[in-house]
>>> print(open('target-v8.cif').read())   # mmCIF, C-alpha atoms
data_data
loop_
_atom_site.label_atom_id
_atom_site.label_comp_id
_atom_site.auth_asym_id
_atom_site.auth_seq_id
_atom_site.Cartn_x
_atom_site.Cartn_y
_atom_site.Cartn_z
CA MET A 51 -95.48 43.82 27.63
CA LYS A 52 -95.42 40.48 25.88
CA LYS A 53 -96.78 42.03 22.71
CA LYS A 54 -93.93 44.56 22.65
CA LEU A 55 -91.40 41.83 23.38
CA LEU A 56 -92.66 39.75 20.45
CA THR A 57 -92.48 42.86 18.25
CA ALA A 58 -88.87 43.37 19.29
CA LEU A 59 -88.06 39.73 18.53
CA LEU A 60 -89.70 40.06 15.12
CA VAL A 61 -87.60 43.15 14.34
CA SER A 62 -84.49 41.29 15.49
CA ALA A 63 -85.25 38.26 13.30
CA MET A 64 -85.97 40.42 10.25
CA THR A 65 -82.69 42.28 10.81
CA LEU A 66 -80.75 39.03 11.15
CA SER A 67 -82.29 37.55 8.03
CA SER A 68 -81.49 40.68 6.04
CA VAL A 69 -77.79 40.81 7.01
CA ALA A 70 -77.09 37.08 6.82
CA LEU A 71 -74.83 36.59 3.80
CA PRO A 72 -74.22 33.19 2.25
CA ILE A 73 -70.77 32.90 3.78
CA GLY A 74 -68.29 30.35 2.91
CA VAL A 75 -69.81 27.02 2.33
CA ALA A 76 -67.11 26.89 -0.37
CA ALA A 77 -64.28 28.12 1.88
CA ASP A 78 -62.88 24.62 2.31
CA ASP A 79 -63.07 24.13 -1.44
CA LEU A 80 -61.11 27.36 -1.93
CA ASP A 81 -58.42 26.09 0.45
CA ASP A 82 -58.28 22.87 -1.56
CA VAL A 83 -57.98 24.89 -4.78
CA ILE A 84 -55.18 27.04 -3.31
CA ASN A 85 -53.31 23.96 -2.02
CA GLN A 86 -53.78 22.19 -5.36
CA GLN A 87 -52.51 25.20 -7.30
CA ASN A 88 -49.54 25.54 -4.92
CA GLN A 89 -48.69 21.89 -5.64
CA GLU A 90 -49.06 22.44 -9.39
CA ILE A 91 -46.86 25.55 -9.19
CA LEU A 92 -44.25 23.56 -7.23
CA ASN A 93 -44.40 20.67 -9.71
CA SER A 94 -44.12 23.02 -12.69
CA GLN A 95 -41.19 24.85 -11.10
CA GLN A 96 -39.40 21.55 -10.43
CA LYS A 97 -39.98 20.50 -14.04
CA ILE A 98 -38.74 23.89 -15.25
CA ASP A 99 -35.61 23.58 -13.09
CA ASN A 100 -34.99 20.05 -14.42
CA LEU A 101 -35.51 21.23 -18.00
CA LYS A 102 -33.13 24.14 -17.44
CA ALA A 103 -30.53 21.71 -16.08
CA GLN A 104 -31.02 19.47 -19.13
CA GLN A 105 -30.74 22.50 -21.41
CA ALA A 106 -27.53 23.57 -19.68
CA SER A 107 -26.11 20.05 -20.09
CA THR A 108 -27.22 19.97 -23.72
CA GLN A 109 -25.70 23.38 -24.35
CA SER A 110 -22.41 22.20 -22.82
CA GLN A 111 -22.43 19.23 -25.18
CA ILE A 112 -23.25 21.50 -28.11
CA THR A 113 -20.39 23.83 -27.14
CA ALA A 114 -18.00 20.88 -26.84
CA LEU A 115 -19.09 19.62 -30.27
CA GLU A 116 -18.69 23.09 -31.75
CA ASN A 117 -15.15 23.19 -30.36
CA GLU A 118 -14.43 19.74 -31.82
CA ILE A 119 -15.89 20.78 -35.15
CA SER A 120 -13.80 23.97 -35.09
CA ASP A 121 -10.63 21.98 -34.29
CA ALA A 122 -11.46 19.42 -36.99
CA LYS A 123 -12.06 22.16 -39.52
CA GLU A 124 -8.71 23.76 -38.64
CA GLN A 125 -7.01 20.39 -39.04
CA ALA A 126 -8.83 19.86 -42.32
CA GLU A 127 -7.72 23.26 -43.57
CA ALA A 128 -4.12 22.50 -42.55
CA LEU A 129 -4.34 19.15 -44.34
CA MET A 130 -5.78 20.83 -47.40
CA ALA A 131 -2.88 23.30 -47.41
CA LYS A 132 -0.43 20.42 -46.97
CA GLN A 133 -2.21 18.47 -49.70
CA GLU A 134 -1.95 21.41 -52.07
CA LYS A 135 1.76 21.71 -51.30
CA LEU A 136 2.30 17.99 -51.86
CA GLN A 137 0.35 18.09 -55.10
CA ALA A 138 2.59 20.95 -56.24
CA GLU A 139 5.66 18.93 -55.33
CA ILE A 140 4.27 15.90 -57.14
CA ALA A 141 3.61 18.01 -60.21
CA GLU A 142 7.14 19.40 -60.08
CA LEU A 143 8.60 15.92 -59.66
CA GLU A 144 6.51 14.64 -62.54
CA ALA A 145 7.93 17.46 -64.65
CA GLN A 146 11.50 16.52 -63.63
CA ILE A 147 10.83 12.86 -64.40
CA THR A 148 9.43 13.83 -67.76
CA GLU A 149 12.49 15.96 -68.49
CA LEU A 150 14.92 13.24 -67.41
CA THR A 151 13.02 10.66 -69.39
CA GLN A 152 13.17 12.87 -72.44
CA ARG A 153 16.94 13.44 -71.96
CA ILE A 154 17.57 9.72 -71.54
CA GLU A 155 15.49 8.98 -74.57
CA LYS A 156 17.42 11.61 -76.56
CA ARG A 157 20.74 10.22 -75.35
CA ASN A 158 19.66 6.71 -76.25
CA ALA A 159 18.58 7.94 -79.61
CA SER A 160 21.94 9.69 -80.13
CA LEU A 161 23.90 6.61 -79.17
CA GLU A 162 21.77 4.48 -81.41
CA GLU A 163 22.32 6.96 -84.22
CA GLN A 164 26.06 6.93 -83.62
CA ALA A 165 26.20 3.14 -83.66
CA ARG A 166 24.13 3.04 -86.81
CA LYS A 167 26.48 5.48 -88.52
CA VAL A 168 29.53 3.40 -87.51
CA GLN A 169 27.93 0.34 -88.93
CA VAL A 170 27.06 2.11 -92.17
CA SER A 171 30.46 3.82 -92.62
CA GLY A 172 32.50 0.94 -91.29
CA ASN A 173 34.16 3.16 -88.72
CA ASP A 174 35.12 1.55 -85.44
CA THR A 175 35.29 3.54 -82.29
CA SER A 176 36.96 0.77 -80.30
CA VAL A 177 40.36 1.34 -78.60
CA LEU A 178 42.09 -1.25 -80.83
CA ASN A 179 40.94 0.43 -84.02
CA ALA A 180 42.07 3.82 -82.65
CA ILE A 181 45.59 2.40 -81.98
CA LEU A 182 45.85 0.76 -85.37
CA LYS A 183 44.88 3.91 -87.16
CA ALA A 184 47.19 6.11 -85.17
CA ASP A 185 50.05 7.78 -86.99
CA SER A 186 52.30 7.63 -84.00
CA PHE A 187 52.45 6.38 -80.53
CA SER A 188 51.41 9.68 -79.10
CA ASP A 189 48.60 9.84 -81.64
CA ALA A 190 47.53 6.39 -80.54
CA ILE A 191 47.53 7.40 -76.92
CA SER A 192 45.57 10.49 -77.74
CA ARG A 193 43.08 8.47 -79.74
CA VAL A 194 42.74 5.92 -76.95
CA GLN A 195 42.16 8.66 -74.37
CA SER A 196 39.58 10.34 -76.58
CA VAL A 197 37.74 7.10 -77.13
CA ASN A 198 37.83 6.25 -73.45
CA ALA A 199 36.74 9.71 -72.46
CA MET A 200 33.89 9.63 -74.87
CA VAL A 201 32.77 6.17 -73.77
CA LYS A 202 33.18 7.05 -70.13
CA ALA A 203 31.29 10.30 -70.56
CA ASN A 204 28.51 8.52 -72.32
CA ASN A 205 28.40 5.84 -69.65
CA GLU A 206 28.50 8.32 -66.78
CA MET A 207 25.81 10.44 -68.34
CA MET A 208 23.61 7.43 -68.86
CA GLN A 209 24.20 6.24 -65.30
CA GLN A 210 23.58 9.71 -63.87
CA GLN A 211 20.43 10.07 -65.82
CA GLU A 212 19.25 6.68 -64.59
CA LYS A 213 20.14 7.62 -61.01
CA ASP A 214 18.39 10.97 -61.30
CA LYS A 215 15.35 9.31 -62.75
CA ALA A 216 15.32 6.71 -59.97
CA ALA A 217 15.74 9.43 -57.32
CA VAL A 218 12.95 11.47 -58.79
CA GLU A 219 10.71 8.43 -59.00
CA ASP A 220 11.50 7.55 -55.36
CA LYS A 221 10.71 11.11 -54.28
CA GLN A 222 7.56 11.05 -56.36
CA ALA A 223 6.50 7.78 -54.72
CA GLU A 224 7.21 9.20 -51.25
CA THR A 225 5.39 12.38 -52.06
CA GLN A 226 2.45 10.44 -53.45
CA LYS A 227 2.41 8.35 -50.29
CA LYS A 228 2.28 11.51 -48.19
CA SER A 229 -0.44 12.85 -50.44
CA ASP A 230 -2.43 9.65 -50.05
CA GLU A 231 -2.00 9.77 -46.27
CA THR A 232 -3.00 13.42 -46.19
CA GLN A 233 -6.01 12.72 -48.35
CA ALA A 234 -7.00 9.80 -46.10
CA ALA A 235 -6.61 12.00 -43.00
CA GLN A 236 -8.62 14.72 -44.68
CA LEU A 237 -11.35 12.26 -45.57
CA GLU A 238 -11.39 11.00 -41.98
CA LEU A 239 -11.67 14.56 -40.71
CA GLU A 240 -14.51 15.25 -43.12
CA GLN A 241 -16.32 12.17 -41.86
CA LYS A 242 -15.67 13.26 -38.28
CA VAL A 243 -16.98 16.76 -39.00
CA SER A 244 -20.03 15.25 -40.67
CA SER A 245 -20.67 13.04 -37.62
CA LEU A 246 -20.14 15.98 -35.27
CA ASN A 247 -22.53 18.10 -37.31
CA ALA A 248 -25.15 15.34 -37.11
CA ASN A 249 -24.68 15.13 -33.32
CA GLN A 250 -24.89 18.89 -33.06
CA LEU A 251 -28.11 18.86 -35.05
CA GLU A 252 -29.61 16.24 -32.72
CA LEU A 253 -28.57 18.27 -29.70
CA ASN A 254 -30.03 21.43 -31.22
CA VAL A 255 -33.32 19.57 -31.78
CA LEU A 256 -33.19 18.28 -28.18
CA LYS A 257 -32.46 21.77 -26.88
CA ALA A 258 -35.38 23.21 -28.88
CA ASP A 259 -37.66 20.47 -27.50
CA LEU A 260 -36.50 21.21 -23.95
CA GLU A 261 -37.13 24.91 -24.49
CA ALA A 262 -40.63 24.10 -25.78
CA GLN A 263 -41.29 21.91 -22.73
CA GLU A 264 -40.02 24.68 -20.47
CA ALA A 265 -42.34 27.17 -22.17
CA THR A 266 -45.26 24.76 -21.70
CA GLU A 267 -44.45 24.28 -18.01
CA ALA A 268 -44.05 28.04 -17.61
CA ASP A 269 -47.53 28.48 -19.12
CA LYS A 270 -48.93 25.83 -16.76
CA LYS A 271 -47.24 27.56 -13.84
CA ALA A 272 -48.70 30.92 -14.91
CA VAL A 273 -52.18 29.40 -15.17
CA ALA A 274 -51.82 27.79 -11.73
CA GLU A 275 -50.60 31.09 -10.25
CA ALA A 276 -53.58 32.89 -11.80
CA LYS A 277 -56.02 30.29 -10.40
CA LYS A 278 -54.33 30.53 -7.02
CA SER A 279 -54.63 34.33 -7.04
CA GLU A 280 -58.30 34.09 -7.96
CA ALA A 281 -58.95 31.54 -5.21
CA GLU A 282 -57.05 33.65 -2.65
CA ALA A 283 -58.98 36.75 -3.70
CA GLU A 284 -62.29 34.86 -3.45
CA LYS A 285 -61.30 33.44 -0.06
CA GLN A 286 -60.37 36.92 1.15
CA ARG A 287 -63.69 38.25 -0.16
CA GLN A 288 -65.60 35.50 1.61
CA GLU A 289 -63.68 36.02 4.84
CA GLU A 290 -64.42 39.74 4.68
CA ALA A 291 -68.09 39.00 3.97
CA ALA A 292 -68.16 36.56 6.89
CA ARG A 293 -66.55 39.15 9.16
CA GLN A 294 -69.06 41.80 8.13
CA ALA A 295 -71.94 39.33 8.53
CA GLU A 296 -70.69 38.37 11.98
CA GLU A 297 -70.43 42.02 12.99
CA ALA A 298 -73.93 42.66 11.63
CA ARG A 299 -75.25 39.59 13.48
CA LYS A 300 -73.73 40.73 16.75
CA ALA A 301 -75.06 44.25 16.22
CA ALA A 302 -78.53 42.87 15.43
CA GLU A 303 -78.45 40.64 18.50
CA ALA A 304 -77.37 43.59 20.66
CA GLN A 305 -80.11 45.75 19.17
CA ALA A 306 -82.73 43.01 19.70
CA ALA A 307 -81.58 42.50 23.29
CA ALA A 308 -81.70 46.24 23.95
CA GLU A 309 -85.17 46.54 22.43
CA ALA A 310 -86.39 43.52 24.38
CA GLN A 311 -84.96 44.99 27.60
CA ALA A 312 -86.59 48.33 26.89
CA ALA A 313 -89.92 46.64 26.16
CA ALA A 314 -89.69 44.67 29.40
CA GLU A 315 -88.86 47.79 31.40
CA GLU A 316 -91.75 49.68 29.78
CA ALA A 317 -94.18 46.83 30.56
CA ALA A 318 -92.98 46.71 34.15
CA ARG A 319 -93.39 50.47 34.50
CA GLN A 320 -96.94 50.32 33.14
CA ALA A 321 -97.78 47.46 35.52
CA GLU A 322 -96.48 49.50 38.46
CA GLU A 323 -98.55 52.51 37.41
CA GLU A 324 -101.68 50.37 37.07
CA ALA A 325 -101.08 48.84 40.50
CA ALA A 326 -100.67 52.30 42.12
CA THR A 327 -103.99 53.66 40.69
CA PRO A 328 -106.95 53.11 43.16
CA ALA A 329 -110.17 51.44 41.97
CA PRO A 330 -113.15 53.87 41.32
CA SER A 331 -115.85 54.03 44.10
CA THR A 332 -119.58 53.22 43.43
CA PRO A 333 -121.98 56.12 44.32
CA ALA A 334 -124.74 55.35 46.86
CA PRO A 335 -128.40 55.31 45.62
CA SER A 336 -130.50 58.51 46.28
CA ASN A 337 -133.28 56.64 48.15
CA PRO A 338 -132.19 55.17 51.40
CA THR A 339 -132.74 51.52 51.90
CA PRO A 340 -133.15 49.60 55.07
CA SER A 341 -129.86 48.82 56.63
CA THR A 342 -128.68 45.32 56.40
CA PRO A 343 -126.21 43.61 58.66
CA THR A 344 -122.75 43.73 57.15
CA PRO A 345 -121.29 40.33 56.43
CA SER A 346 -117.90 39.42 57.80
CA ASN A 347 -116.42 39.70 54.28
CA PRO A 348 -116.45 43.43 53.49
CA GLY A 349 -115.71 43.00 49.85
CA THR A 350 -118.95 41.12 49.04
CA GLY A 351 -122.18 43.07 48.38
CA SER A 352 -125.68 41.67 48.51
CA GLY A 353 -129.01 42.39 46.89
CA ASN A 354 -129.08 45.40 44.56
CA GLY A 355 -125.76 46.58 45.90
CA SER A 356 -124.17 43.41 44.80
CA SER A 357 -126.02 43.58 41.55
CA ASN A 358 -125.09 47.17 40.94
CA GLY A 359 -121.58 46.55 42.00
CA GLY A 360 -121.39 43.71 39.48
CA SER A 361 -123.03 45.72 36.72
CA ASN A 362 -120.69 48.65 37.24
CA GLY A 363 -117.67 46.51 37.05
CA GLY A 364 -116.62 46.81 40.70
CA SER A 365 -113.72 44.69 41.86
CA THR A 366 -113.14 42.77 45.00
CA GLY A 367 -111.21 45.03 47.25
CA GLY A 368 -108.10 46.70 45.63
CA ASP A 369 -107.08 43.86 43.20
CA VAL A 370 -105.62 44.93 39.79
CA SER A 371 -106.06 42.81 36.62
CA VAL A 372 -102.70 42.25 34.65
CA PRO A 373 -102.83 40.57 31.22
CA GLU A 374 -101.18 37.16 31.20
CA THR A 375 -98.57 36.05 28.58
CA PRO A 376 -100.32 34.12 25.80
CA SER A 377 -98.72 30.74 25.17
CA ILE A 378 -97.89 29.62 21.62
CA PRO A 379 -100.19 26.73 20.89
CA SER A 380 -98.58 23.55 19.58
CA GLY A 381 -98.62 23.35 15.78
CA SER A 382 -98.50 27.13 15.10
CA VAL A 383 -95.24 28.72 13.93
CA ASN A 384 -93.98 32.23 14.63
CA GLY A 385 -91.25 32.51 12.01
CA ALA A 386 -89.55 35.49 13.67
CA ALA A 387 -89.40 33.72 17.03
CA ILE A 388 -88.06 30.54 15.43
CA VAL A 389 -85.29 32.44 13.60
CA ALA A 390 -84.42 34.50 16.70
CA THR A 391 -84.12 31.31 18.76
CA ALA A 392 -81.98 29.56 16.13
CA ALA A 393 -79.70 32.64 15.81
CA ARG A 394 -78.82 32.35 19.51
CA TYR A 395 -77.00 29.11 18.77
CA LEU A 396 -74.85 30.30 15.84
CA GLY A 397 -71.32 29.02 16.40
CA THR A 398 -72.44 25.99 18.43
CA PRO A 399 -70.28 22.98 17.45
CA TYR A 400 -71.75 20.19 15.35
CA VAL A 401 -72.10 17.01 17.44
CA TRP A 402 -73.46 13.87 15.85
CA GLY A 403 -76.68 12.97 17.66
CA GLY A 404 -76.54 16.28 19.56
CA THR A 405 -79.87 17.73 20.73
CA GLN A 406 -78.76 20.31 23.35
CA PRO A 407 -77.01 23.73 23.21
CA GLY A 408 -73.70 22.06 24.00
CA GLY A 409 -73.75 20.55 20.50
CA PHE A 410 -76.32 19.92 17.76
CA ASP A 411 -76.68 17.85 14.64
CA CYS A 412 -79.03 19.12 11.92
CA SER A 413 -82.28 17.50 13.12
CA GLY A 414 -81.33 17.98 16.79
CA LEU A 415 -81.06 21.75 16.23
CA VAL A 416 -84.47 21.82 14.51
CA GLN A 417 -86.15 19.76 17.24
CA TYR A 418 -84.66 21.91 20.02
CA VAL A 419 -85.44 25.32 18.44
CA TYR A 420 -89.04 24.41 17.66
CA GLY A 421 -89.45 22.76 21.08
CA VAL A 422 -88.34 25.98 22.80
CA ASN A 423 -91.14 27.69 20.88
CA GLY A 424 -93.74 25.16 21.98
CA ILE A 425 -93.78 22.97 18.87
CA SER A 426 -92.95 19.31 19.29
CA LEU A 427 -91.16 17.66 16.33
CA PRO A 428 -89.82 14.15 15.78
CA ARG A 429 -86.11 13.51 16.29
CA VAL A 430 -84.84 12.64 12.77
CA THR A 431 -85.14 14.30 9.37
CA TYR A 432 -87.12 11.57 7.62
CA ASP A 433 -89.80 11.90 10.33
CA GLN A 434 -89.63 15.71 10.59
CA GLU A 435 -90.36 16.09 6.87
CA TYR A 436 -93.87 14.68 7.42
CA ALA A 437 -94.70 17.14 10.23
CA GLY A 438 -96.09 19.72 7.77
CA THR A 439 -97.06 20.44 4.17
CA VAL A 440 -94.62 20.34 1.25
CA ILE A 441 -94.31 23.75 -0.49
CA PRO A 442 -92.21 25.01 -3.43
CA LEU A 443 -88.75 26.23 -2.50
CA SER A 444 -89.59 29.67 -3.92
CA GLN A 445 -92.41 30.07 -1.36
CA ALA A 446 -90.33 29.21 1.70
CA ARG A 447 -90.27 31.91 4.38
CA ALA A 448 -88.86 32.35 7.88
CA GLY A 449 -89.83 29.44 10.12
CA ASP A 450 -90.28 26.88 7.33
CA LEU A 451 -87.98 23.89 6.97
CA TYR A 452 -85.64 23.00 4.09
CA PHE A 453 -84.96 19.30 3.47
CA PHE A 454 -82.13 17.78 1.44
CA GLY A 455 -82.64 14.44 -0.30
CA SER A 456 -85.64 12.65 -1.74
CA ARG A 457 -88.74 12.63 0.42
CA GLY A 458 -88.76 9.63 2.72
CA ASN A 459 -84.98 9.41 2.52
CA THR A 460 -83.78 12.90 3.48
CA HIS A 461 -80.35 13.32 5.05
CA HIS A 462 -80.24 16.98 6.10
CA VAL A 463 -82.60 19.73 7.36
CA ALA A 464 -82.26 23.50 7.82
CA ILE A 465 -84.39 26.32 9.27
CA ALA A 466 -85.41 28.90 6.65
CA THR A 467 -84.65 32.53 7.61
CA GLY A 468 -86.18 34.11 4.49
CA GLY A 469 -84.65 35.39 1.27
CA GLY A 470 -83.28 31.98 0.28
CA ASN A 471 -81.06 31.77 3.40
CA TYR A 472 -81.17 29.34 6.31
CA ILE A 473 -79.54 28.31 9.59
CA HIS A 474 -78.29 24.76 9.94
CA ALA A 475 -75.76 22.46 11.60
CA PRO A 476 -73.78 21.38 8.50
CA LYS A 477 -71.36 18.57 9.30
CA PRO A 478 -68.84 17.16 11.81
CA GLY A 479 -66.04 19.61 12.50
CA ASP A 480 -68.26 22.57 11.61
CA VAL A 481 -70.59 24.82 13.63
CA VAL A 482 -74.17 26.07 13.44
CA LYS A 483 -74.16 28.83 10.82
CA TYR A 484 -75.98 30.51 7.97
CA GLY A 485 -76.24 28.97 4.52
CA SER A 486 -77.84 29.83 1.21
CA VAL A 487 -79.81 27.92 -1.39
CA SER A 488 -77.46 29.47 -3.94
CA TYR A 489 -74.57 27.37 -2.62
CA TYR A 490 -76.28 24.30 -1.14
CA THR A 491 -79.71 23.85 -2.68
CA PRO A 492 -82.38 21.91 -0.73
CA SER A 493 -84.66 19.36 -2.40
CA PHE A 494 -87.97 20.65 -1.03
CA ALA A 495 -89.51 22.79 1.73
CA VAL A 496 -92.10 22.02 4.41
CA ARG A 497 -94.39 24.48 6.22
CA LEU A 498 -95.53 23.43 9.73
#
>>> encode(input="target-v8.cif", output="structure tokens")
Amino acid sequence: MKKKLLTALLVSAMTLSSVALPIGVAADDLDDVINQQNQEILNSQQKIDNLKAQQASTQSQITALENEISDAKEQAEALMAKQEKLQAEIAELEAQITELTQRIEKRNASLEEQARKVQVSGNDTSVLNAILKADSFSDAISRVQSVNAMVKANNEMMQQQEKDKAAVEDKQAETQKKSDETQAAQLELEQKVSSLNANQLELNVLKADLEAQEATEADKKAVAEAKKSEAEAEKQRQEEAARQAEEARKAAEAQAAAEAQAAAEEAARQAEEEAATPAPSTPAPSNPTPSTPTPSNPGTGSGNGSSNGGSNGGSTGGDVSVPETPSIPSGSVNGAAIVATAARYLGTPYVWGGTQPGGFDCSGLVQYVYGVNGISLPRVTYDQEYAGTVIPLSQARAGDLYFFGSRGNTHHVAIATGGGNYIHAPKPGDVVKYGSVSYYTPSFAVRL
């Protein structure tokens, strides 16, 4: 019975070790990665929103400057048109002044010529000379009127010409003043447009820089989203692997329990059958022997009968011999039994200093599991590591121990389940679970 039970436990342990996946020692790290990427995505989005707001503000300023530049250009064009008109007026006035000047100069020249001729010929155009040379009174009056008319006409013409010239010069001065003012306003507008263009250029550069920063933050956000997606996918994969491993573990435990129960029932049945079978009788010898008084204990023979009975394997009365359960001697390790015992405590909370099924720490779990299997171990890791022989990690099998840290100063211990996997009590806040050397590599192994 016990042999079959041990066989069932061995099958159970082998099944457990084969389905135990290295689940999730990095699950907490994945959560940290996801949270970190979420924070980076949030930071990038906030920066993008701020940059968009700055771009909108910058664009509003650019639009306002463009409107100012457009208005200034319209004003400049109007001033240019006005300037052209004033320049035309100035040119026309200059032509009039030139004409008047020429007429005045001609008139002055004519008067000078007339005076010169009078002086040369001795003629006198005065009123007195006209009266003295008159033939009659009426002739004198006529001469006086002619002289006066001529002098008056000459004087009026000269005065009018001077007035016209002065008026034209005044208008020219006014027009030139307007032209100068227009030119100054135009120059001011040109300077304003130049300044506005410079401001617009700076804002365009700022806008381009903001767009570049936004693109950079968008790239960072995309990278963070990609990392987050990868971490979420890996976490989902690990959770699915953990779920499948848990289902496989439960199925293996159920199968092992069923096989153990069946083995126990079969052993019990065989024991009942053996108990119900009567012991074989010993045939009497062919030659009669003298009768001997029968002792009070009927099950004890004497003389040859006793000797024959002993040589033929007779039993005392109807007793049946049942094999006893062999005990596991201290110092020997049944790897399958060790793993099966440790698997019963998967999910047990980690308790610092814990040595009982209510809660274990790493060395407490090891001490308890091996103690259940008849092997006494020290309490702490740096004593447990000297309980056996150091072996290479690659040679570790079910029932061996993995130690973490330099020998003599180890800080963690795990029970090897085979295939590079192990069962251990990892840390506060965690539970007893499977691990793998691929994720958390031990420093050395010990075989008890």
>>> atom_distance(input="target-v8.cif", atom1="atom CA of Asp78 of chain A", atom2="atom CA of Ala298 of chain A")
23.1 Å
>>> residues_around(input="target-v8.cif", residues="segment 206-208 of chain A", least_positions_apart="3", cutoff="9 Å", atoms="all atoms listed in the file", output="list of chain:residue names")
A:Ile154, A:Arg157, A:Asn158, A:Val201, A:Lys202, A:Ala203, A:Gln211, A:Glu212, A:Lys213
>>> resolve_selection(input="target-v8.cif", expression="the PyMOL selection byres ((chain A and resi 123) around 12)", output="PDB file with C-alpha atoms, in the frame of the given file")
ATOM      1  CA  LEU A 115     -19.090  19.620 -30.270  1.00  0.00           C
ATOM      2  CA  GLU A 116     -18.690  23.090 -31.750  1.00  0.00           C
ATOM      3  CA  ASN A 117     -15.150  23.190 -30.360  1.00  0.00           C
ATOM      4  CA  GLU A 118     -14.430  19.740 -31.820  1.00  0.00           C
ATOM      5  CA  ILE A 119     -15.890  20.780 -35.150  1.00  0.00           C
ATOM      6  CA  SER A 120     -13.800  23.970 -35.090  1.00  0.00           C
ATOM      7  CA  ASP A 121     -10.630  21.980 -34.290  1.00  0.00           C
ATOM      8  CA  ALA A 122     -11.460  19.420 -36.990  1.00  0.00           C
ATOM      9  CA  GLU A 124      -8.710  23.760 -38.640  1.00  0.00           C
ATOM     10  CA  GLN A 125      -7.010  20.390 -39.040  1.00  0.00           C
ATOM     11  CA  ALA A 126      -8.830  19.860 -42.320  1.00  0.00           C
ATOM     12  CA  GLU A 127      -7.720  23.260 -43.570  1.00  0.00           C
ATOM     13  CA  ALA A 128      -4.120  22.500 -42.550  1.00  0.00           C
ATOM     14  CA  LEU A 129      -4.340  19.150 -44.340  1.00  0.00           C
ATOM     15  CA  MET A 130      -5.780  20.830 -47.400  1.00  0.00           C
ATOM     16  CA  GLN A 236      -8.620  14.720 -44.680  1.00  0.00           C
ATOM     17  CA  LEU A 237     -11.350  12.260 -45.570  1.00  0.00           C
ATOM     18  CA  GLU A 238     -11.390  11.000 -41.980  1.00  0.00           C
ATOM     19  CA  LEU A 239     -11.670  14.560 -40.710  1.00  0.00           C
ATOM     20  CA  GLU A 240     -14.510  15.250 -43.120  1.00  0.00           C
ATOM     21  CA  GLN A 241     -16.320  12.170 -41.860  1.00  0.00           C
ATOM     22  CA  LYS A 242     -15.670  13.260 -38.280  1.00  0.00           C
ATOM     23  CA  VAL A 243     -16.980  16.760 -39.000  1.00  0.00           C
ATOM     24  CA  SER A 244     -20.030  15.250 -40.670  1.00  0.00           C
ATOM     25  CA  LEU A 246     -20.140  15.980 -35.270  1.00  0.00           C
ATOM     26  CA  ASN A 247     -22.530  18.100 -37.310  1.00  0.00           C
TER      27      ASN A 247
END
>>> atom_distance(input="target-v8.cif", atom1="atom CA of Arg457 of chain A", atom2="atom CA of Phe494 of chain A")
8.2 Å
>>> atom_distance(input="target-v8.cif", atom1="atom CA of Lys156 of chain A", atom2="atom CA of Asn205 of chain A")
14.2 Å
>>> residues_near_point(input="target-v8.cif", point="(-89.8, 23.7, 8.9)", cutoff="8 Å", atoms="all atoms listed in the file", output="list in words")
Val416, Glu435, Gly438, Gly449, Asp450, Leu451, Tyr452, Ala464, Ile465, Ala466, Ala495, Val496, Arg497 and Leu498 of chain A
>>> write_last_selection(input="target-v8.cif", atoms="C-alpha atoms", output="tab-separated table (two decimals), keeping the file's coordinate frame")
chain	number	residue	atom	x	y	z
A	416	VAL	CA	-84.47	21.82	14.51
A	435	GLU	CA	-90.36	16.09	6.87
A	438	GLY	CA	-96.09	19.72	7.77
A	449	GLY	CA	-89.83	29.44	10.12
A	450	ASP	CA	-90.28	26.88	7.33
A	451	LEU	CA	-87.98	23.89	6.97
A	452	TYR	CA	-85.64	23.00	4.09
A	464	ALA	CA	-82.26	23.50	7.82
A	465	ILE	CA	-84.39	26.32	9.27
A	466	ALA	CA	-85.41	28.90	6.65
A	495	ALA	CA	-89.51	22.79	1.73
A	496	VAL	CA	-92.10	22.02	4.41
A	497	ARG	CA	-94.39	24.48	6.22
A	498	LEU	CA	-95.53	23.43	9.73
>>> resolve_selection(input="target-v8.cif", expression="the PyMOL selection byres ((chain A and resi 423) around 9)", output="list in words")
Ile378, Ser380, Val383, Asn384, Ala387, Ile388, Thr391, Tyr418, Val419, Tyr420, Gly421, Val422, Gly424, Ile425 and Ser426 of chain A
>>> residues_around(input="target-v8.cif", residues="segment 269-281 of chain A", least_positions_apart="4", cutoff="12 Å", atoms="only C-alpha atoms", output="PyMOL selection string")
chain A and resi 76-98+262-265+285-289
>>> residues_near_point(input="target-v8.cif", point="(-3.9, 13.4, -49.9)", cutoff="10 Å", atoms="only C-alpha atoms", output="JSON, numbers by chain")
{"A": [129, 130, 132, 133, 134, 136, 137, 225, 226, 227, 228, 229, 230, 231, 232, 233, 234, 235, 236, 237]}
>>> residues_around(input="target-v8.cif", residues="segment 394-409 of chain A", least_positions_apart="2", cutoff="6 Å", atoms="only C-alpha atoms", output="ChimeraX atom specification")
/A:391-392,411,414,475,478,480-483
>>> closest_residue(input="target-v8.cif", among="A:Ala393, A:His462, A:Gly469, A:Pro442", to="Glu296 of chain A", atoms="only C-alpha atoms")
A:Ala393
>>> closest_residue(input="target-v8.cif", among="A:Gln417, A:Ser188, A:Gln222, A:Gln434", to="Ile140 of chain A", atoms="only C-alpha atoms")
A:Gln222
>>> residues_around(input="target-v8.cif", residues="Ala216 of chain A", least_positions_apart="5", cutoff="12 Å", atoms="all atoms listed in the file", output="compact mmCIF listing (two decimals) with C-alpha atoms, in the frame of the given file")
# COMPACT_ATOMS: atom_id res chain seq x y z
CA LEU A 143 8.60 15.92 -59.66
CA GLN A 146 11.50 16.52 -63.63
CA ILE A 147 10.83 12.86 -64.40
CA LEU A 150 14.92 13.24 -67.41
CA THR A 151 13.02 10.66 -69.39
CA GLN A 209 24.20 6.24 -65.30
CA GLN A 210 23.58 9.71 -63.87
CA GLN A 211 20.43 10.07 -65.82
CA LYS A 221 10.71 11.11 -54.28
CA GLN A 222 7.56 11.05 -56.36
CA ALA A 223 6.50 7.78 -54.72
